[in-house]
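Right, one structure below, let's go through it.
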Protein chains: 2
Amino acid sequence: MVYAFMQNEMLQHTAKQDGKTAPMGSEKTDPRLLPAADAAVKTPIHQHVYERLRKMILFGDLAPGQGVTIQGLTAALDAGMTPVREAIRRLISEGALTHLGNRRVTVPELTHAGLEELGFMRETLEPELTKRAANRMTDGRLNALHDCDNALNLAIDRGDVGGYLMQNYSFHRMIYDLAEAPIMAATVDRLWLRFGPSLRGVCGRYGTSNLPDKHAELLAAFAAGDAALAGEVMAGDVAQGMTQIRAALDGLPIPR
Amino acid sequence: MVYAFMQNEMLQHTAKQDGKTAPMGSEKTDPRLLPAADAAVKTPIHQHVYERLRKMILFGDLAPGQGVTIQGLTAALDAGMTPVREAIRRLISEGALTHLGNRRVTVPELTHAGLEELGFMRETLEPELTKRAANRMTDGRLNALHDCDNALNLAIDRGDVGGYLMQNYSFHRMIYDLAEAPIMAATVDRLWLRFGPSLRGVCGRYGTSNLPDKHAELLAAFAAGDAALAGEVMAGDVAQGMTQIRAALDGLPIPR
DNA sequence: CATGCTATAATTTGATCATATTCTTCAGCG
DNA sequence: CGCTGAAGAATATGATCAAATTATAGCATG
C-alpha cells in the first residue's frame, strides 16, 4: 500500500511554503533511505520517481484529466527537477501522460476509439502471451498465480478497491513475465497505463462485489497444460474487462 | 539526408580537444537556428535531440551493440546534458536503447527470439492498421503513397541504402497515420526501432538490387477499395521483410 | 630477476542539483 | 477590446558529486 499515500492536489505545487520556513521536522529526509536502508541502495532517484508516478497512474490515484506539474512533483516527492523531468518524459512516451498543448501535462482521458484500439491489441496479444506462459508453466509458478488470485478475491470480498486493482494487475503481469517474450510483455504492459486510470472508475460505479473474471478457468487450463484453452479463456477475460470499462465510460458523464 | 552526417565514433567523446582550443569556426552555432531559421522555432531542444538520435538508430547510423554516452552526445550534438538525458531516457523506454548492466547504454542487438516476437506483433497489428487505412483512403492519400513508393524504387535503382530505408519506413508510417488509430500506430512505430538497426545489415548483405516488396499489390488493393485484401497483402509484405532480416541474422556472424 | 595478481589512484561518465532563461498566461490599463 | 507587463512554470545550462572503469604501481611468487 505504498501508492495511495499521496493526495492528488499535492502534485499541483499548492504547498506554498517553499524550502526555508518549511517542513519543521523532516530534516532533508534522504529519499534514498526509504527503500531498504541497508543493502544495495543503488536504484537511482529517477527510477523511484518513475515507479511511484507509474503506480499512481495505474491504480487511479491520479484521475484522468488531472494535470501534473514538475514543480508539484518535486515538492511532493521531495526530489530534484531532473529526475522528475525524466520520469515524466518517460511516462509521456509510454502514453501514460500526454503533452497537452504547450508545456502542460495531464493524465489522458480514455476515448471510445482509444478503448477500441486497446481492446483489439489486448485481445490479440494477451492470448498469445498466455499460450506461451502455459507452455512454460511449472508447479511453483502455478502456485504463485493461485496465491495472487486468492489475494485478489480477498480484496474483492473486503471491498478493497486499491487492493483489487493491484492484484488484478499483478495476476496478468505475472503471466506476461512467464511467457518469456519481453518485447510483447512490455508492449502489453504499456497498454495498462492507458486504461488503468479508468479502472478505478469502473469500481467506483459497480463496486468490487460485481467484478467477475475468468481467472479460475484460466488456472484450470494452466493446470491441465492446455495452452490453446488458456489462450481462449484469456481472450474472454480481456473482452469482459474491456466491456466493463466501456460500460463505465458510457454510464458516467466521464468523471473529472 | 540530415541523419548520416555524423560518424559513430564521435559519440564516444573521443574529441580530446575540449572547449577552449576547439572547433575554430563553429562559433557556438545555436542549435535552434538549424531547422527553419524563421517561422515558429518552438520545437524544444530535447525534441530535436530525440528525433536525431531516433533517426540515427532507425536508419542504422548506429550499429547494434554500439555504446552511447551522454557526454558524447552533448559534444556531438552541441546540446546540454538535460535534453540529451531526456532523449536517451525516452529511447530506452521505447526499446531503442538498452540500459546494459550498470550505467552503460547501447543499441541492443536483435536476437532470434526478439525477431520472432516482433514478427508476430507486426503480422497481427499491421494488417489491422492497413485495413483501417484502406477504409479511410482518398485519392490524395493514395497519390502520396504512390509518390513515396516511387521514391523508394528510385532509391533502390540508385543503390541508395539510406534512401531506401527511409522511404520504406515512410511508406509504412504513412499507412499507420492514415489508419487513425494512434495507440496502435505508436505501438507498431516503436517496433521499428527494434529491428531498424538490423535493416542496414540486410542491405549490406544483399544490396538494394534484391529487395522485393508487395507495395504495388498493396496500392492496387487500396485503389480497389478492398480492405480485406489490403490487410492480407500487408501481412505478406511484413512476413517477407522479417524473413529477410532473419536470413541476414543467420547468415552473418552478427556484425559488430 | 621476471611475471602475474591485487590494490590503489586517476579518468571518464552518469546522476543530481541550483540557477538562469524562455515561454505562457493572466491581470491591469489604455 | 486589445496591449503590455508581471508572475509562474517549463526548458536548458553548467557545476558538483558519486560511481565505475581503466591505468598504474607495488607486492608476492616462481
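To be explicit about the labels: the chains of the C-alpha cells are called A, B, and onward in the order shown, and within each one the residues are counted from 1, while ligands get numbers from 1 in the order they are shown.
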Item to complete: Considering only C-alpha atoms (C1' of nucleotides), extract the chain B residues located within 9 Å of chain D and return them as number ranges by chain.
Response: B: 44-45, 79-83, 102-103
File of the preceding selection, N, CA and C atoms, as a PDB file, in the first residue's frame:
ATOM      1  N   PRO B  44      11.316  22.173 -28.856  1.00  0.00           N
ATOM      2  CA  PRO B  44      12.330  22.178 -27.807  1.00  0.00           C
ATOM      3  C   PRO B  44      13.558  21.381 -28.220  1.00  0.00           C
ATOM      4  N   ILE B  45      14.653  21.682 -27.566  1.00  0.00           N
ATOM      5  CA  ILE B  45      15.904  21.015 -27.907  1.00  0.00           C
ATOM      6  C   ILE B  45      15.815  19.517 -27.659  1.00  0.00           C
ATOM      7  N   ALA B  79      24.512  20.127 -27.383  1.00  0.00           N
ATOM      8  CA  ALA B  79      23.340  20.432 -26.577  1.00  0.00           C
ATOM      9  C   ALA B  79      23.719  20.230 -25.109  1.00  0.00           C
ATOM     10  N   GLY B  80      22.872  20.677 -24.231  1.00  0.00           N
ATOM     11  CA  GLY B  80      23.137  20.499 -22.814  1.00  0.00           C
ATOM     12  C   GLY B  80      22.896  19.071 -22.374  1.00  0.00           C
ATOM     13  N   MET B  81      23.183  18.791 -21.116  1.00  0.00           N
ATOM     14  CA  MET B  81      23.024  17.432 -20.637  1.00  0.00           C
ATOM     15  C   MET B  81      21.555  17.058 -20.462  1.00  0.00           C
ATOM     16  N   THR B  82      20.775  17.985 -19.962  1.00  0.00           N
ATOM     17  CA  THR B  82      19.390  17.657 -19.658  1.00  0.00           C
ATOM     18  C   THR B  82      18.612  17.194 -20.897  1.00  0.00           C
ATOM     19  N   PRO B  83      18.634  17.923 -21.987  1.00  0.00           N
ATOM     20  CA  PRO B  83      17.901  17.437 -23.163  1.00  0.00           C
ATOM     21  C   PRO B  83      18.404  16.083 -23.638  1.00  0.00           C
ATOM     22  N   ASN B 102      25.336  -1.785 -15.402  1.00  0.00           N
ATOM     23  CA  ASN B 102      25.283  -0.565 -14.624  1.00  0.00           C
ATOM     24  C   ASN B 102      25.714   0.652 -15.418  1.00  0.00           C
ATOM     25  N   ARG B 103      24.762   1.476 -15.686  1.00  0.00           N
ATOM     26  CA  ARG B 103      25.038   2.810 -16.216  1.00  0.00           C
ATOM     27  C   ARG B 103      25.684   2.832 -17.583  1.00  0.00           C
TER      28      ARG B 103
END
Item to complete: Hey, list the chain C side of the contact with chain B: 12 Å cut-off, only C-alpha atoms (C1' of nucleotides), answer as a list in words.
Response: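 The answer, sorted by residue number, is DT12, DT13, DG14, DA15, DT16, DC17, DT22 and DC23 of chain C.
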Output C-alpha atoms (C1' of nucleotides) for every residue in that selection, as a compact mmCIF listing (two decimals), in the first residue's frame.
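File part08.txt, as written:
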# COMPACT_ATOMS: atom_id res chain seq x y z
C1' DT C 12 35.74 9.01 -17.59
C1' DT C 13 30.88 9.12 -17.25
C1' DG C 14 26.38 9.16 -15.05
C1' DA C 15 23.23 11.39 -11.54
C1' DT C 16 21.68 15.28 -9.25
C1' DC C 17 21.06 19.99 -8.14
C1' DT C 22 12.31 31.46 -22.10
C1' DC C 23 7.62 30.87 -22.76
Discussion item. Please determine, counting only C-alpha atoms, which residue among A:Leu165, A:Leu118, A:Leu178, A:Ile245 has the shortest atom-to-atom distance to chain B.
Written reply: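 Using only C-alpha atoms, chain B sits closest to A:Leu118.
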Discussion item. Could you tell me which residues of chain B sit within 10 Å of chain A when counting only C-alpha atoms, and give me the result as an MDAnalysis selection string?
Written reply: chainID B and resid 42 82:83 85:95 102 113:118 120:121 124:125 128 180:188 190:191 194
Worksheet entry | Residue contacts of Ala96 (chain A) (12 Å, only C-alpha atoms (C1' of nucleotides)) excluding same-chain residues fewer than 6 positions away, as a count of residues only | 36
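Using only C-alpha atoms (C1' of nucleotides), the residues found no farther than 6 Å from region 210-221 of chain A, other than those of its own chain fewer than 2 positions away, are Thr208, Ala223, Ala224, Asp226, Ala230, Val233 and Asp237 of chain A.
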Worksheet entry | Per-residue DSSP, region 16-214 of chain A, filtered to alpha helix (DSSP H), as a PyMOL selection string | chain A and resi 45-58+70-77+81-93+112-135+139-158+161-178+182-206
